[in-house]
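Asker: First the structure, then my questions, so here it is.
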Amino acid sequence: MESKKEFFLECYKLGIIKFGRFTLKSGIESPFYVDLRPLASDPKILKNLANYLLEMLPLDNFDLICGVPYAALPMATAMSLESYIPLIIKRKEAKSYGTKKLIEGIYQKGQNCLLVEDVITSGKSLLETIPEIEQEDLKVSDIVVVLDREQGGKQLLESKGYRVHTLFNISEVCGVLQETGELSDEEVKRIQDFLQGNHIQFEEETRASYEQKLSNTQHSVSKKLLETAIAKKSNLIASADVTTTQELLTFAEKVGPHIIALKTHIDIISDFEYEKQLPL
């Protein structure tokens, strides 16, 4: 197989990590966002990913593989196909009909289950998932993760006695992308500060003023709209949903001083006369 670095760069091209300003589920603003679900759409990459994950593990220790829903399910399936270790599927919630099972598949009490996760952050979701598997009298001793966001999850799980195997961590990923010119030194510094729990400053987005836009535009219609907006100190556009010419003229006279354009529906006006001018 290709080197781990080359493999990551292939994965990166699928858009699995984005850098910028993102609000996480917790409400925290992060300088990066990870979504590994696109990996499932590339069979070659998914197969190679499965083998990379399997290479890190003592496979004789496991009787079963289980992916944490939903992003890790394709990864766990690929690992099962490559290793011939049976797969079980954990539902997000038990069905309200039929067997009402939370764990689907064929398994026996006492078997050891390898848990597969795509990304680990705080580790709390895994600590909720593990008891749901263990209540079926299955054992979970090892967890394999594609990417560690390095925000305490690995350490938390290891403190509870679980072995956590990670293919990549975010510092390693940033190093590769900095080396290849995908990330600037400033962006890497911001991510490092974020991971260390320091307050990070995001650049505030600023919009160009209408005056600035007017000085840069060349199109005559754009110029006219911007000049009108500046003169009237408005950016409002009104829609006239009327059915007679008189209603249209009355409406236009009322709103004309406050808008920069009037959207009409000529096809629904029963007596429209093209010669008439609208007083805007």
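Ordered as shown in the structure tokens, chains take letters A, B, and onward, while each chain numbers its residues from 1 and ligands are numbered from 1 in the order shown.
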Show me a table, sorted first by chain and then by increasing residue number, of the residues of segment 98-151 of chain A having an atom at most 10 Å from segment 73-91 of chain A, each with its shortest atom pair and the distance in Å to one decimal, counting only C-alpha atoms and written as a Markdown table.

Answerer:
| residue | atom | partner | partner_atom | distance |
| --- | --- | --- | --- | --- |
| A:Lys101 | CA | A:Arg91 | CA | 8.2 |
| A:Leu102 | CA | A:Arg91 | CA | 5.3 |
| A:Ile103 | CA | A:Lys90 | CA | 4.6 |
| A:Glu104 | CA | A:Ile89 | CA | 5.0 |
| A:Gly105 | CA | A:Ile88 | CA | 4.7 |
| A:Ile106 | CA | A:Ile88 | CA | 6.9 |
| A:Tyr107 | CA | A:Ile88 | CA | 7.7 |
| A:Cys113 | CA | A:Ile88 | CA | 8.9 |
| A:Leu114 | CA | A:Ala76 | CA | 9.3 |
| A:Leu115 | CA | A:Ala76 | CA | 8.4 |
| A:Val116 | CA | A:Ala76 | CA | 6.1 |
| A:Glu117 | CA | A:Leu73 | CA | 8.4 |
| A:Asp118 | CA | A:Met75 | CA | 8.1 |
| A:Thr129 | CA | A:Lys90 | CA | 8.8 |
| A:Glu132 | CA | A:Lys90 | CA | 8.6 |
| A:Ile133 | CA | A:Lys90 | CA | 7.7 |
| A:Val144 | CA | A:Ala76 | CA | 9.9 |
| A:Val146 | CA | A:Met75 | CA | 9.4 |

Asker: Next, the residues of the selection above should be written as a PDB file, in the first residue's frame with N, CA and C atoms.

Answerer:
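The file below, selection17.pdb, is the result:
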ATOM      1  N   LYS A 101     -34.666  -4.957  18.833  1.00  0.00           N
ATOM      2  CA  LYS A 101     -33.261  -5.134  19.219  1.00  0.00           C
ATOM      3  C   LYS A 101     -32.449  -3.875  18.950  1.00  0.00           C
ATOM      4  N   LEU A 102     -31.466  -3.634  19.821  1.00  0.00           N
ATOM      5  CA  LEU A 102     -30.538  -2.521  19.636  1.00  0.00           C
ATOM      6  C   LEU A 102     -29.301  -2.983  18.859  1.00  0.00           C
ATOM      7  N   ILE A 103     -28.945  -4.245  19.001  1.00  0.00           N
ATOM      8  CA  ILE A 103     -27.800  -4.835  18.303  1.00  0.00           C
ATOM      9  C   ILE A 103     -28.317  -5.858  17.302  1.00  0.00           C
ATOM     10  N   GLU A 104     -27.952  -5.700  16.042  1.00  0.00           N
ATOM     11  CA  GLU A 104     -28.384  -6.617  14.986  1.00  0.00           C
ATOM     12  C   GLU A 104     -27.205  -7.479  14.554  1.00  0.00           C
ATOM     13  N   GLY A 105     -27.469  -8.737  14.282  1.00  0.00           N
ATOM     14  CA  GLY A 105     -26.427  -9.635  13.809  1.00  0.00           C
ATOM     15  C   GLY A 105     -26.396 -10.906  14.633  1.00  0.00           C
ATOM     16  N   ILE A 106     -25.442 -11.783  14.303  1.00  0.00           N
ATOM     17  CA  ILE A 106     -25.307 -13.070  14.992  1.00  0.00           C
ATOM     18  C   ILE A 106     -24.111 -12.985  15.928  1.00  0.00           C
ATOM     19  N   TYR A 107     -24.351 -13.219  17.192  1.00  0.00           N
ATOM     20  CA  TYR A 107     -23.266 -13.161  18.171  1.00  0.00           C
ATOM     21  C   TYR A 107     -23.613 -14.048  19.358  1.00  0.00           C
ATOM     22  N   CYS A 113     -15.735  -7.706  21.229  1.00  0.00           N
ATOM     23  CA  CYS A 113     -16.149  -6.871  20.096  1.00  0.00           C
ATOM     24  C   CYS A 113     -15.208  -5.685  19.924  1.00  0.00           C
ATOM     25  N   LEU A 114     -14.693  -5.503  18.720  1.00  0.00           N
ATOM     26  CA  LEU A 114     -13.897  -4.334  18.371  1.00  0.00           C
ATOM     27  C   LEU A 114     -14.847  -3.217  17.946  1.00  0.00           C
ATOM     28  N   LEU A 115     -14.707  -2.068  18.569  1.00  0.00           N
ATOM     29  CA  LEU A 115     -15.568  -0.921  18.253  1.00  0.00           C
ATOM     30  C   LEU A 115     -14.842  -0.007  17.276  1.00  0.00           C
ATOM     31  N   VAL A 116     -15.518   0.398  16.201  1.00  0.00           N
ATOM     32  CA  VAL A 116     -14.934   1.252  15.166  1.00  0.00           C
ATOM     33  C   VAL A 116     -15.632   2.615  15.196  1.00  0.00           C
ATOM     34  N   GLU A 117     -14.835   3.674  15.249  1.00  0.00           N
ATOM     35  CA  GLU A 117     -15.374   5.038  15.261  1.00  0.00           C
ATOM     36  C   GLU A 117     -14.622   5.879  14.226  1.00  0.00           C
ATOM     37  N   ASP A 118     -15.311   6.842  13.638  1.00  0.00           N
ATOM     38  CA  ASP A 118     -14.642   7.674  12.627  1.00  0.00           C
ATOM     39  C   ASP A 118     -13.791   8.766  13.274  1.00  0.00           C
ATOM     40  N   THR A 129     -22.066   4.596  24.152  1.00  0.00           N
ATOM     41  CA  THR A 129     -22.280   3.478  23.228  1.00  0.00           C
ATOM     42  C   THR A 129     -21.818   2.152  23.820  1.00  0.00           C
ATOM     43  N   GLU A 132     -24.185   0.014  25.913  1.00  0.00           N
ATOM     44  CA  GLU A 132     -25.281  -0.551  25.128  1.00  0.00           C
ATOM     45  C   GLU A 132     -24.852  -1.854  24.458  1.00  0.00           C
ATOM     46  N   ILE A 133     -23.568  -1.959  24.130  1.00  0.00           N
ATOM     47  CA  ILE A 133     -23.052  -3.207  23.559  1.00  0.00           C
ATOM     48  C   ILE A 133     -22.795  -4.220  24.676  1.00  0.00           C
ATOM     49  N   VAL A 144     -10.994   1.369  17.688  1.00  0.00           N
ATOM     50  CA  VAL A 144     -10.125   1.883  16.633  1.00  0.00           C
ATOM     51  C   VAL A 144     -10.801   3.101  16.011  1.00  0.00           C
ATOM     52  N   VAL A 146     -10.396   6.532  13.247  1.00  0.00           N
ATOM     53  CA  VAL A 146      -9.669   7.068  12.096  1.00  0.00           C
ATOM     54  C   VAL A 146      -8.945   8.360  12.464  1.00  0.00           C
TER      55      VAL A 146
END

Asker: What's around Asn169 of chain A at 9 Å? Count only C-alpha atoms, leave out sequence neighbours fewer than 4 positions away in its own chain, and write the answer as a list in words.

Answerer: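 Answer for this query is Val146, Leu147, Asp148, Arg149, Glu150, Val173 and Cys174 of chain A.
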
Asker: Skip segment 192-196 of chain A itself and residues of its chain fewer than 2 positions away, then list as a ChimeraX atom specification all residues within 8 Å of it, counting only C-alpha atoms.

Answerer: /A:30-31,150-151,171,188-190,198-200

Asker: Those same residues - N, CA, C and O atoms - I'd like them written as a PDB file, in the first residue's frame.

Answerer:
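The resulting file, selection_8.pdb, is reproduced below:
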ATOM      1  N   SER A  30     -14.939  26.226  16.273  1.00  0.00           N
ATOM      2  CA  SER A  30     -13.718  25.486  15.972  1.00  0.00           C
ATOM      3  C   SER A  30     -13.108  25.987  14.668  1.00  0.00           C
ATOM      4  O   SER A  30     -13.835  26.341  13.734  1.00  0.00           O
ATOM      5  N   PRO A  31     -11.757  25.974  14.565  1.00  0.00           N
ATOM      6  CA  PRO A  31     -11.106  26.395  13.307  1.00  0.00           C
ATOM      7  C   PRO A  31     -11.046  25.272  12.275  1.00  0.00           C
ATOM      8  O   PRO A  31     -10.502  25.473  11.202  1.00  0.00           O
ATOM      9  N   GLU A 150      -7.879  15.236  19.277  1.00  0.00           N
ATOM     10  CA  GLU A 150      -6.977  15.612  20.376  1.00  0.00           C
ATOM     11  C   GLU A 150      -7.631  16.594  21.355  1.00  0.00           C
ATOM     12  O   GLU A 150      -7.049  17.587  21.753  1.00  0.00           O
ATOM     13  N   GLN A 151      -8.857  16.255  21.739  1.00  0.00           N
ATOM     14  CA  GLN A 151      -9.575  17.093  22.693  1.00  0.00           C
ATOM     15  C   GLN A 151      -9.983  16.282  23.925  1.00  0.00           C
ATOM     16  O   GLN A 151     -11.004  16.538  24.532  1.00  0.00           O
ATOM     17  N   SER A 171      -2.967  16.958  14.860  1.00  0.00           N
ATOM     18  CA  SER A 171      -1.649  17.603  14.771  1.00  0.00           C
ATOM     19  C   SER A 171      -0.838  17.018  13.617  1.00  0.00           C
ATOM     20  O   SER A 171      -0.196  17.757  12.853  1.00  0.00           O
ATOM     21  N   VAL A 188      -2.231  26.938  11.116  1.00  0.00           N
ATOM     22  CA  VAL A 188      -1.740  25.864  11.996  1.00  0.00           C
ATOM     23  C   VAL A 188      -1.628  26.369  13.425  1.00  0.00           C
ATOM     24  O   VAL A 188      -2.017  25.677  14.381  1.00  0.00           O
ATOM     25  N   LYS A 189      -1.129  27.597  13.587  1.00  0.00           N
ATOM     26  CA  LYS A 189      -1.000  28.194  14.925  1.00  0.00           C
ATOM     27  C   LYS A 189      -2.380  28.335  15.575  1.00  0.00           C
ATOM     28  O   LYS A 189      -2.554  28.070  16.771  1.00  0.00           O
ATOM     29  N   ARG A 190      -3.382  28.748  14.803  1.00  0.00           N
ATOM     30  CA  ARG A 190      -4.732  28.913  15.338  1.00  0.00           C
ATOM     31  C   ARG A 190      -5.284  27.563  15.808  1.00  0.00           C
ATOM     32  O   ARG A 190      -5.903  27.471  16.868  1.00  0.00           O
ATOM     33  N   ASN A 198      -6.744  27.495  24.322  1.00  0.00           N
ATOM     34  CA  ASN A 198      -6.580  28.948  24.336  1.00  0.00           C
ATOM     35  C   ASN A 198      -7.678  29.613  23.522  1.00  0.00           C
ATOM     36  O   ASN A 198      -8.221  29.034  22.577  1.00  0.00           O
ATOM     37  N   HIS A 199      -7.999  30.850  23.891  1.00  0.00           N
ATOM     38  CA  HIS A 199      -8.979  31.622  23.116  1.00  0.00           C
ATOM     39  C   HIS A 199      -8.382  31.967  21.762  1.00  0.00           C
ATOM     40  O   HIS A 199      -7.236  32.410  21.677  1.00  0.00           O
ATOM     41  N   ILE A 200      -9.122  31.710  20.707  1.00  0.00           N
ATOM     42  CA  ILE A 200      -8.623  32.034  19.376  1.00  0.00           C
ATOM     43  C   ILE A 200      -9.461  33.135  18.753  1.00  0.00           C
ATOM     44  O   ILE A 200     -10.670  33.221  18.983  1.00  0.00           O
TER      45      ILE A 200
END

Asker: Taking into account only C-alpha atoms, which residue in the set A:Val176, A:Val255, A:Ile130, A:Val242 is nearest to Tyr162 of chain A?

Answerer: A:Ile130

Asker: For the atom pair atom CA of Thr121 of chain A and atom CA of Gly27 of chain A, what is the interatomic distance in Å to one decimal place?

Answerer: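 Straight-line distance from atom CA of Thr121 of chain A to atom CA of Gly27 of chain A works out to 13.8 Å.
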
Asker: Could you tell me which of A:Lys18, A:Lys109, A:Lys13, A:Lys254 comes closest to Asp42 of chain A if we count only C-alpha atoms?

Answerer: A:Lys13

Asker: Within 12 Å of Tyr33 of chain A, counting only C-alpha atoms, which residues show up once you throw out same-chain ones fewer than 3 positions away? Write them as a PyMOL selection string, please.

Answerer: chain A and resi 15-25+28-30+36+119+121+147+149+170+191

Asker: Just checking: using only C-alpha atoms, which residue out of A:Asn61, A:Ser184, A:Ser3, A:Thr264 ends up closest to Leu49 of chain A?

Answerer: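 For Leu49 of chain A, the nearest of the candidates is A:Ser3.
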
Asker: Could you pull out the residues in segment 12-189 of chain A that DSSP calls alpha helix (DSSP H) from the backbone, as a PyMOL selection string?

Answerer: chain A and resi 12+43-55+73-83+124-134+153-159+170-179+185-189

Asker: What is the distance, in Å and to one decimal place, between atom CA of Ala229 of chain A and atom CA of Leu262 of chain A?

Answerer: 13.0 Å

Asker: So which one's closest to Lys139 of chain A, A:Ile65, A:Leu9, A:Leu54, A:Ala240? Using only C-alpha atoms, please.

Answerer: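 For Lys139 of chain A, the nearest of the given residues is A:Ile65.
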
Asker: One decimal, Å: what's the distance from atom CA of Ile120 of chain A over to atom CA of Gly153 of chain A, could you say?

Answerer: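 Computing it gives 6.0 Å between the two atoms.
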
Asker: Which residue out of A:Ala208, A:Ala40, A:Leu53, A:Cys11 has the minimum interatomic distance to Tyr70 of chain A when only C-alpha atoms are used?

Answerer: A:Ala40

Asker: Can you pull out every residue within 9 Å of Leu226 of chain A, counting only C-alpha atoms, but drop anything in the same chain fewer than 6 positions away, and send it as a PyMOL selection string?

Answerer: chain A and resi 210-211+213-214+235+260
